[in-house]
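Visitor: Pasting in a structure now, in structure tokens, and then I'll have a few things to ask.
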Amino acid sequence: MTSMSNRMINILVPVISVILGLLVGAIVMVVSGYDPVKGYIALWNGIFGDSYAIGETIRQITPYILAGLAVAFAFRTGLFNIGVEGQLIVGWFAAVYVGAAFDLPKVIHLPLAILAGAAAGALWAFLPGLLKAKMKIHEVIVTIMMNYVALYVVNALIKTWSGGGDKTERIKETASLRSDFLASITDYSRLHYGIILALLMVVLMWFLLEKTTTGFELKAVGFNENASEYAGMKIGKNIILAMVISGAFAGLAGAMEGLGTFGNMYTRGGFTGIGFDGIAVALLGANTPLGVIFGAVLFGSLKYGALNMPNAAQIPEEIVQIVIALVIFFVACGYAIRLLLSKISKKKEAK
Amino acid sequence: MSFLEILYFMAPVSIAYAAPLIFTALGGVFSERSGVVNIALEGLMVMGAFIGILFNLFFYDTFGSWTPWVALIAAMIVSAVFSLLHAVASITFRADQVVSGVAINMLGLAVALFLTKMIFDKGQTDFIKKAIPNFNIPVLQDIPVIGPMLFKGVYGSSILAIVAAFVAWYVIFKTPFGLRLRSVGEHPMAADTMGIHVNRIRYIAVVISGALAGIGGAIYSQTMTRDFGHATINGQGFMALAAMIFGKWHPIGAMGAAIFFGFAQALAVVGPSIPIIKEIPTGYLHALPYILTILALAGFIGKATGPKASGKPYIKGSR
């Protein structure tokens with residue numbers, strides 16, 4: 001593998017996975033009797049067609065960045081947080097509740113509502129962390145269950161709060177992330193200030209993991225529990241802390257939906273999907289902060305652009321979800337892609 | 001309502017909800033006993049549920065009253081083939097098995113919904129004409145207390161599920177194949193040394209799990225929802241996974257756990273007509289099975305450990 005550096009391969013694997021995903025997606029369209037060229041043009045226009053579409057695409061990318069950070073942060077500390085979806089839902093609800101129930105000046109109200117979202121997400125992740133740390137119960141199972149508990153409990157809370165209705169009150173203007181400026185430059189899309197917060201969180205995650213002792217400890221515990229314990233680190237405390245930070249990122253993603261995009265919350269029949277797509281974002285970004293931005297830009301764009309496909313090309317928008325799932329599948333099969341790449345580079349050497 | 005009446009009311013519903021979980025959890029037992037973590041059960045179940053409904057809708061005219069049963073077979077085959085993706089990724093390509101499972105789950109739902117929209121031009125399928133029938137078992141239904149609880153209004157699929165659990169137990173613990181399956185999951189290198197084809201056994205196990213999860217999904221959609229949409233399965237596969245862990249990777253244990261989760265789900269459905277429980281808003285009742293699962297894991301499962309080599313791809317020659 002001398003002619004192709006490891007770094008190069010690490011970048012090539014996700015790129016190839018995306019290409020393969022789009023390719024198989026095209027084959028699926030052909031087999032189903034749709035025109036893939038028309039489909040992908042509709043997708044492209046759905047993302048970049050006009051300034052409104054671009055604004056909405058960036059809005060969609062915002063929670064994807066935060067959900068991706070949540071999954072990536074947990075992965076880096078040796079944990080698999082499938083509970084991002086549930087943490088996002090409780091974060092969304094908590095942020096909307098604080099946003100609607102209090103009357104405060106904006107400088108206090110908005111940060112408070114955002115923090116409420118983060119805190120709710122953190123709390124929802126605390127329990128799986130605790131069970132993992134104290135009783136060695138695998139976090140995957142517990143976080144999956146917590147997703148459903150979040151979905152049904154929040155639905156029930158919305159019903160109770162609204163007196164039997166299916167949506168909450170709207171948040172006060174003082175808790176809103178909406179921006180007249182951003183809306184006006186994007187033809188009145190729902191683009192809001194959340195994207196700035198999301199990018200700040202990317203920097204925060206990088207700083208936390210790479211520049212602080214806490215981050216070093218969290219990574220060390222994820223990498224090798226026994227060695228870390230021998231070095232005097234507290235395993236349980238670090239597992240819980242990692243889950244709580246991951247959950248806080250997820251809660252923030254929910255707060256973005258509540259305080260920015262929608263301004264309220266409604267009962268849901270199923271999940272938002274953002275939390276699960278966060279897994280795809282993190283994997284594609286190799287669990288690095290910068291990579292998460294790329295992953296979120298890609299999947300957020302695909303997800304929003306897909307909405308244009310039924311109208312413009314008569315193709316069900318689920319085709320994009322198929323592509324996203326395929327991309328995760330191919331990233332997971334990275335071993336095969338690496339093997340292929342090293343064979344190709346060896347052949348070149350022989351020449 | 002007396003206690004006995006509540007039992008008469010609850011027991012059949014519990015068992016009906018348990019049947020799909022039993023099949024799917026058994027699938028999980030096969031896969032994980034061979035050393036392949038199968039979080040993909042949810043997606044395999046979704047595929048089974050979809051195919052079951054689709055087949056039922058299209059072939060009712062051909063098979064008449066046998067349609068739901070033939071649909072189970074169709075769902076079994078399609079899910080078994082679909083599970084090959086998980087097998088290839090996690091066995092041959094050494095993928096992270098949990099990640100591959102997540103991909104299969106997303107893919108299963110996306111493909112099923114894509115096809116639903118393509119074929120029916122809306123978010124859910126039509127309703128099926130012929131669901132899996134339930135019937136009273138002669139003689140046994142006349143036994144006092146137990147009769148009305150267990151033998152009245154029984155779905156044929158529930159009987160099938162319980163039989164399947166015992167068959168699975170026999171296969172895993174009493175046959176040479178079962179011994180190989182378990183050895184491959186505990187110590188693949190030792191098994192390899194004894195001439196067992198580790199990866200072949202694992203492929204077979206994953207495909208069996210796909211087949212069983214497919215049956216489970218098709219039973220659920222053909223008894224409970226009777227159509228297919230985005231929320232049809234909604235976590236049943238994950239609950240089956242929890243039942244497998246709760247049952248300590250043992251077929252009979254998994255069946256017991258599945259019946260327990262079936263009871264928890266029945267509580268959410270018939271709860272509003274039972275005194276005391278009806279005071280709890282139904283929204284919270286829907287969360288109950290999942291809360292019970294967490295409590296069960298926290299309470300009993302702390303000590304249970306899965307097959308030793310679970311989650312690790314077998315690489316010849318590495319220690």
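Here's how to read the names in the structure tokens: chain A, B, ... by the order shown, residue numbers from 1 in each chain, ligand numbers from 1 in the order shown.
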Give as an MDAnalysis selection string every residue of chain B that touches chain A within 6 Å, counting only C-alpha atoms.

Guide: chainID B and resid 89 93 95 100 103 106:107 110 114 283:284 287 290 302

Visitor: For the residues in that selection, give me N, CA and C atoms as a PDB file, in the first residue's frame.

Guide:
```pdb
ATOM      1  N   ALA B  89     -21.975  -8.478   4.452  1.00  0.00           N
ATOM      2  CA  ALA B  89     -21.265  -7.364   5.089  1.00  0.00           C
ATOM      3  C   ALA B  89     -20.533  -7.827   6.336  1.00  0.00           C
ATOM      4  N   PHE B  93     -17.196  -9.315   4.527  1.00  0.00           N
ATOM      5  CA  PHE B  93     -16.526  -8.014   4.447  1.00  0.00           C
ATOM      6  C   PHE B  93     -16.124  -7.450   5.808  1.00  0.00           C
ATOM      7  N   ALA B  95     -17.590  -6.146   8.270  1.00  0.00           N
ATOM      8  CA  ALA B  95     -18.141  -4.853   8.672  1.00  0.00           C
ATOM      9  C   ALA B  95     -18.458  -4.870  10.163  1.00  0.00           C
ATOM     10  N   SER B 100     -23.738  -2.345  10.153  1.00  0.00           N
ATOM     11  CA  SER B 100     -24.377  -3.013   9.028  1.00  0.00           C
ATOM     12  C   SER B 100     -25.850  -3.262   9.327  1.00  0.00           C
ATOM     13  N   ALA B 103     -27.801  -0.149   8.841  1.00  0.00           N
ATOM     14  CA  ALA B 103     -27.999   0.097   7.408  1.00  0.00           C
ATOM     15  C   ALA B 103     -29.134  -0.764   6.873  1.00  0.00           C
ATOM     16  N   MET B 106     -32.510   0.629   7.940  1.00  0.00           N
ATOM     17  CA  MET B 106     -32.914   1.800   7.160  1.00  0.00           C
ATOM     18  C   MET B 106     -33.320   1.377   5.755  1.00  0.00           C
ATOM     19  N   LEU B 107     -32.535   0.453   5.210  1.00  0.00           N
ATOM     20  CA  LEU B 107     -32.777   0.009   3.836  1.00  0.00           C
ATOM     21  C   LEU B 107     -34.112  -0.723   3.732  1.00  0.00           C
ATOM     22  N   ALA B 110     -36.927   1.771   3.895  1.00  0.00           N
ATOM     23  CA  ALA B 110     -36.939   2.649   2.717  1.00  0.00           C
ATOM     24  C   ALA B 110     -37.417   1.889   1.480  1.00  0.00           C
ATOM     25  N   PHE B 114     -40.760   2.716  -0.498  1.00  0.00           N
ATOM     26  CA  PHE B 114     -40.585   3.079  -1.908  1.00  0.00           C
ATOM     27  C   PHE B 114     -41.516   2.243  -2.780  1.00  0.00           C
ATOM     28  N   GLY B 283     -51.273   7.421  26.070  1.00  0.00           N
ATOM     29  CA  GLY B 283     -49.966   7.793  25.548  1.00  0.00           C
ATOM     30  C   GLY B 283     -48.844   7.157  26.346  1.00  0.00           C
ATOM     31  N   TYR B 284     -48.967   7.215  27.671  1.00  0.00           N
ATOM     32  CA  TYR B 284     -47.924   6.634  28.520  1.00  0.00           C
ATOM     33  C   TYR B 284     -47.952   5.124  28.456  1.00  0.00           C
ATOM     34  N   ALA B 287     -45.741   3.677  25.944  1.00  0.00           N
ATOM     35  CA  ALA B 287     -44.322   3.659  26.278  1.00  0.00           C
ATOM     36  C   ALA B 287     -43.985   2.498  27.206  1.00  0.00           C
ATOM     37  N   TYR B 290     -41.603  -0.564  26.422  1.00  0.00           N
ATOM     38  CA  TYR B 290     -40.191  -0.198  26.309  1.00  0.00           C
ATOM     39  C   TYR B 290     -39.587   0.080  27.683  1.00  0.00           C
ATOM     40  N   GLY B 302     -28.254  -8.111  34.043  1.00  0.00           N
ATOM     41  CA  GLY B 302     -26.895  -7.677  34.333  1.00  0.00           C
ATOM     42  C   GLY B 302     -25.854  -8.770  34.207  1.00  0.00           C
TER      43      GLY B 302
END
```

Visitor: Taking the DSSP secondary structure from the backbone, can you list the residues of region 31-208 of chain B that are strand (DSSP E), as a ChimeraX atom specification?

Guide: /B:134-135,154-155

Visitor: Report as a VMD selection string all protein, DNA and RNA residues lying within 9 Å of Tyr193 (chain A), evaluated on only C-alpha atoms, omitting residues in the same chain fewer than 3 positions from it.

Guide: chain A and resid 59 177 to 179 182 196 to 197 256 260

Visitor: Using C-alpha atoms, can you write the selected residues to a file as a tab-separated table (two decimals), in the first residue's frame?

Guide:
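What ended up in part06.tsv:
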```
chain	number	residue	atom	x	y	z
A	59	ARG	CA	-31.74	24.78	7.43
A	177	LEU	CA	-33.93	31.55	16.32
A	178	ARG	CA	-35.72	32.93	13.26
A	179	SER	CA	-33.85	35.61	11.38
A	182	LEU	CA	-31.44	35.19	6.65
A	196	ILE	CA	-24.08	29.31	13.35
A	197	LEU	CA	-24.64	27.50	16.61
A	256	MET	CA	-32.98	23.79	16.40
A	260	GLY	CA	-35.79	27.65	14.52
```

Visitor: For the structure I just gave you, how does DSSP split region 1-179 of chain A - specifically, which residues are alpha helix (DSSP H)? Reply as number ranges by chain.

Guide: A: 6-31, 36-48, 51-76, 84-101, 106-135, 139-161

Visitor: Excluding Ile245 (chain B) and any residue of its chain fewer than 6 positions from it, enumerate the residues within 10 Å of it, using only C-alpha atoms, and give them as JSON, numbers by chain.

Guide: {"A": [141], "B": [25, 28, 29, 32, 239, 253, 254, 257, 297, 301, 304, 305, 306]}

Visitor: Find, counting only C-alpha atoms, the residue in A:Thr288, A:Ser17, A:Asn6, A:Ser176 that gets nearest to Trp206 (chain A).

Guide: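 Smallest separation from Trp206 (chain A) among the options: A:Thr288.
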
Visitor: List the neighbours of region 70-72 of chain A out to 8 Å using only C-alpha atoms; skip same-chain residues closer than 2 positions along the sequence, and give me the result as JSON, numbers by chain.

Guide: {"A": [66, 67, 68, 74, 75, 76, 80, 81, 82, 84, 245, 246, 247, 248, 249, 250, 278, 279, 282, 283, 286, 287, 288, 289, 292]}

Visitor: Quick one: residues within 10 Å of region 51-63 of chain B, only C-alpha atoms counted, chain neighbours fewer than 2 positions away excluded, as a PyMOL selection string?

Guide: chain B and resi 45-49+65-79+112+115-116+119+125-131+214-222+225-228

Visitor: Output N, CA and C atoms for every residue in that selection, as a compact mmCIF listing (two decimals), in the first residue's frame.

Guide:
```
# COMPACT_ATOMS: atom_id res chain seq x y z
N MET B 45 -37.90 -7.72 9.65
CA MET B 45 -39.32 -7.84 10.00
C MET B 45 -40.16 -6.90 9.13
N VAL B 46 -39.65 -5.69 8.92
CA VAL B 46 -40.37 -4.72 8.07
C VAL B 46 -40.57 -5.32 6.69
N MET B 47 -39.49 -5.90 6.16
CA MET B 47 -39.57 -6.51 4.85
C MET B 47 -40.60 -7.64 4.84
N GLY B 48 -40.58 -8.47 5.87
CA GLY B 48 -41.55 -9.56 5.98
C GLY B 48 -42.97 -9.05 6.05
N ALA B 49 -43.18 -8.00 6.84
CA ALA B 49 -44.52 -7.44 7.00
C ALA B 49 -45.03 -6.93 5.66
N SER B 65 -58.57 -18.99 0.97
CA SER B 65 -58.40 -18.90 2.42
C SER B 65 -57.00 -19.31 2.87
N TRP B 66 -56.24 -19.92 1.96
CA TRP B 66 -54.86 -20.29 2.33
C TRP B 66 -53.89 -19.11 2.18
N THR B 67 -54.39 -18.01 1.60
CA THR B 67 -53.51 -16.90 1.25
C THR B 67 -52.57 -16.45 2.38
N PRO B 68 -53.09 -16.17 3.61
CA PRO B 68 -52.17 -15.66 4.63
C PRO B 68 -51.02 -16.62 4.93
N TRP B 69 -51.29 -17.91 4.81
CA TRP B 69 -50.23 -18.89 5.12
C TRP B 69 -49.18 -18.92 4.02
N VAL B 70 -49.64 -18.88 2.78
CA VAL B 70 -48.68 -18.85 1.68
C VAL B 70 -47.89 -17.54 1.74
N ALA B 71 -48.57 -16.47 2.16
CA ALA B 71 -47.89 -15.18 2.29
C ALA B 71 -46.76 -15.25 3.30
N LEU B 72 -46.95 -16.06 4.36
CA LEU B 72 -45.88 -16.23 5.35
C LEU B 72 -44.65 -16.82 4.68
N ILE B 73 -44.89 -17.81 3.81
CA ILE B 73 -43.76 -18.46 3.13
C ILE B 73 -43.06 -17.46 2.20
N ALA B 74 -43.87 -16.67 1.49
CA ALA B 74 -43.27 -15.67 0.59
C ALA B 74 -42.41 -14.68 1.39
N ALA B 75 -42.96 -14.21 2.50
CA ALA B 75 -42.23 -13.26 3.34
C ALA B 75 -40.95 -13.90 3.88
N MET B 76 -41.05 -15.18 4.25
CA MET B 76 -39.89 -15.90 4.77
C MET B 76 -38.77 -15.91 3.73
N ILE B 77 -39.12 -16.23 2.49
CA ILE B 77 -38.10 -16.33 1.44
C ILE B 77 -37.47 -14.97 1.16
N VAL B 78 -38.31 -13.95 1.00
CA VAL B 78 -37.76 -12.63 0.66
C VAL B 78 -36.86 -12.10 1.77
N SER B 79 -37.30 -12.23 3.02
CA SER B 79 -36.48 -11.73 4.13
C SER B 79 -35.18 -12.53 4.26
N ALA B 112 -39.28 -0.86 1.38
CA ALA B 112 -40.70 -1.21 1.52
C ALA B 112 -41.59 0.00 1.24
N LEU B 115 -41.51 0.93 -2.54
CA LEU B 115 -42.35 0.04 -3.34
C LEU B 115 -43.83 0.29 -3.06
N THR B 116 -44.15 0.57 -1.78
CA THR B 116 -45.55 0.87 -1.44
C THR B 116 -46.04 2.05 -2.26
N ILE B 119 -46.33 1.13 -6.02
CA ILE B 119 -47.42 0.24 -6.40
C ILE B 119 -48.79 0.84 -6.07
N THR B 125 -50.44 0.57 2.11
CA THR B 125 -51.10 -0.35 1.18
C THR B 125 -52.60 -0.37 1.44
N ASP B 126 -53.34 -1.07 0.59
CA ASP B 126 -54.75 -1.32 0.88
C ASP B 126 -54.84 -2.31 2.03
N PHE B 127 -56.04 -2.49 2.55
CA PHE B 127 -56.24 -3.50 3.59
C PHE B 127 -56.41 -4.88 2.96
N ILE B 128 -55.89 -5.91 3.63
CA ILE B 128 -56.01 -7.25 3.08
C ILE B 128 -57.42 -7.78 3.33
N LYS B 129 -57.85 -8.70 2.46
CA LYS B 129 -59.20 -9.25 2.61
C LYS B 129 -59.19 -10.41 3.61
N LYS B 130 -58.09 -11.14 3.63
CA LYS B 130 -58.07 -12.36 4.44
C LYS B 130 -56.90 -12.30 5.43
N ALA B 131 -57.19 -12.11 6.70
CA ALA B 131 -56.14 -12.08 7.71
C ALA B 131 -55.90 -13.49 8.23
N GLY B 214 -38.72 -12.67 8.89
CA GLY B 214 -39.69 -12.43 7.82
C GLY B 214 -41.06 -13.00 8.19
N ILE B 215 -41.06 -14.23 8.72
CA ILE B 215 -42.32 -14.83 9.17
C ILE B 215 -42.94 -13.96 10.26
N GLY B 216 -42.08 -13.55 11.22
CA GLY B 216 -42.56 -12.71 12.32
C GLY B 216 -43.23 -11.44 11.82
N GLY B 217 -42.58 -10.79 10.88
CA GLY B 217 -43.13 -9.54 10.34
C GLY B 217 -44.46 -9.77 9.64
N ALA B 218 -44.51 -10.87 8.85
CA ALA B 218 -45.73 -11.15 8.10
C ALA B 218 -46.87 -11.54 9.03
N ILE B 219 -46.54 -12.22 10.13
CA ILE B 219 -47.59 -12.53 11.12
C ILE B 219 -48.13 -11.23 11.72
N TYR B 220 -47.21 -10.33 12.08
CA TYR B 220 -47.65 -9.09 12.71
C TYR B 220 -48.58 -8.31 11.78
N SER B 221 -48.15 -8.15 10.52
CA SER B 221 -48.96 -7.32 9.62
C SER B 221 -50.27 -8.00 9.27
N GLN B 222 -50.29 -9.34 9.26
CA GLN B 222 -51.51 -10.05 8.85
C GLN B 222 -52.43 -10.37 10.03
N THR B 225 -52.15 -5.17 12.00
CA THR B 225 -52.45 -3.94 11.26
C THR B 225 -53.29 -4.20 10.01
N ARG B 226 -53.06 -5.32 9.38
CA ARG B 226 -53.78 -5.73 8.16
C ARG B 226 -53.55 -4.82 6.96
N ASP B 227 -52.61 -3.89 7.10
CA ASP B 227 -52.10 -3.17 5.93
C ASP B 227 -50.63 -2.88 6.23
N PHE B 228 -49.93 -2.22 5.30
CA PHE B 228 -48.54 -1.88 5.60
C PHE B 228 -48.33 -0.39 5.37
```

Visitor: Which residues are close to Lys237 (chain A), i.e. within 10 Å by only C-alpha atoms, leaving aside same-chain residues fewer than 2 positions away? Reply as a PDB file with N, CA and C atoms, in the first residue's frame.

Guide:
```pdb
ATOM      1  N   GLY A 129     -26.175   5.737  29.883  1.00  0.00           N
ATOM      2  CA  GLY A 129     -24.794   5.834  30.343  1.00  0.00           C
ATOM      3  C   GLY A 129     -24.627   5.214  31.716  1.00  0.00           C
ATOM      4  N   LEU A 130     -25.574   5.545  32.581  1.00  0.00           N
ATOM      5  CA  LEU A 130     -25.532   5.023  33.955  1.00  0.00           C
ATOM      6  C   LEU A 130     -25.635   3.500  33.951  1.00  0.00           C
ATOM      7  N   ALA A 133     -22.453   2.042  32.717  1.00  0.00           N
ATOM      8  CA  ALA A 133     -21.334   2.197  33.640  1.00  0.00           C
ATOM      9  C   ALA A 133     -21.474   1.300  34.864  1.00  0.00           C
ATOM     10  N   LYS A 134     -22.704   1.217  35.386  1.00  0.00           N
ATOM     11  CA  LYS A 134     -22.883   0.516  36.663  1.00  0.00           C
ATOM     12  C   LYS A 134     -23.189  -0.965  36.482  1.00  0.00           C
ATOM     13  N   LEU A 218     -11.702  10.657  27.835  1.00  0.00           N
ATOM     14  CA  LEU A 218     -12.879  10.037  27.211  1.00  0.00           C
ATOM     15  C   LEU A 218     -12.462   9.124  26.066  1.00  0.00           C
ATOM     16  N   MET A 233      -7.782   6.336  35.488  1.00  0.00           N
ATOM     17  CA  MET A 233      -9.006   7.029  35.068  1.00  0.00           C
ATOM     18  C   MET A 233     -10.229   6.282  35.590  1.00  0.00           C
ATOM     19  N   LYS A 234     -11.286   7.066  35.836  1.00  0.00           N
ATOM     20  CA  LYS A 234     -12.514   6.451  36.331  1.00  0.00           C
ATOM     21  C   LYS A 234     -13.390   6.070  35.138  1.00  0.00           C
ATOM     22  N   ILE A 235     -13.545   4.741  34.918  1.00  0.00           N
ATOM     23  CA  ILE A 235     -14.235   4.260  33.724  1.00  0.00           C
ATOM     24  C   ILE A 235     -15.697   4.698  33.725  1.00  0.00           C
ATOM     25  N   ILE A 239     -17.716   7.070  31.011  1.00  0.00           N
ATOM     26  CA  ILE A 239     -18.778   6.560  30.135  1.00  0.00           C
ATOM     27  C   ILE A 239     -20.012   7.440  30.257  1.00  0.00           C
ATOM     28  N   ILE A 240     -20.385   7.763  31.503  1.00  0.00           N
ATOM     29  CA  ILE A 240     -21.584   8.588  31.716  1.00  0.00           C
ATOM     30  C   ILE A 240     -21.383   9.970  31.096  1.00  0.00           C
ATOM     31  N   LEU A 241     -20.211  10.551  31.337  1.00  0.00           N
ATOM     32  CA  LEU A 241     -19.940  11.891  30.801  1.00  0.00           C
ATOM     33  C   LEU A 241     -20.024  11.893  29.271  1.00  0.00           C
ATOM     34  N   ALA A 242     -19.451  10.859  28.660  1.00  0.00           N
ATOM     35  CA  ALA A 242     -19.477  10.789  27.193  1.00  0.00           C
ATOM     36  C   ALA A 242     -20.905  10.725  26.681  1.00  0.00           C
TER      37      ALA A 242
END
```

Visitor: To one decimal place in Å, what is the distance between CA of Phe299 (chain A) and CA of Val99 (chain B)?

Guide: 17.0 Å

Visitor: Looking at only C-alpha atoms, which of A:Val24, A:Ala53, A:Leu208, A:Glu173 is the one that sits closest to Arg190 (chain A)?

Guide: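 Closest to Arg190 (chain A) of all the choices is A:Ala53.
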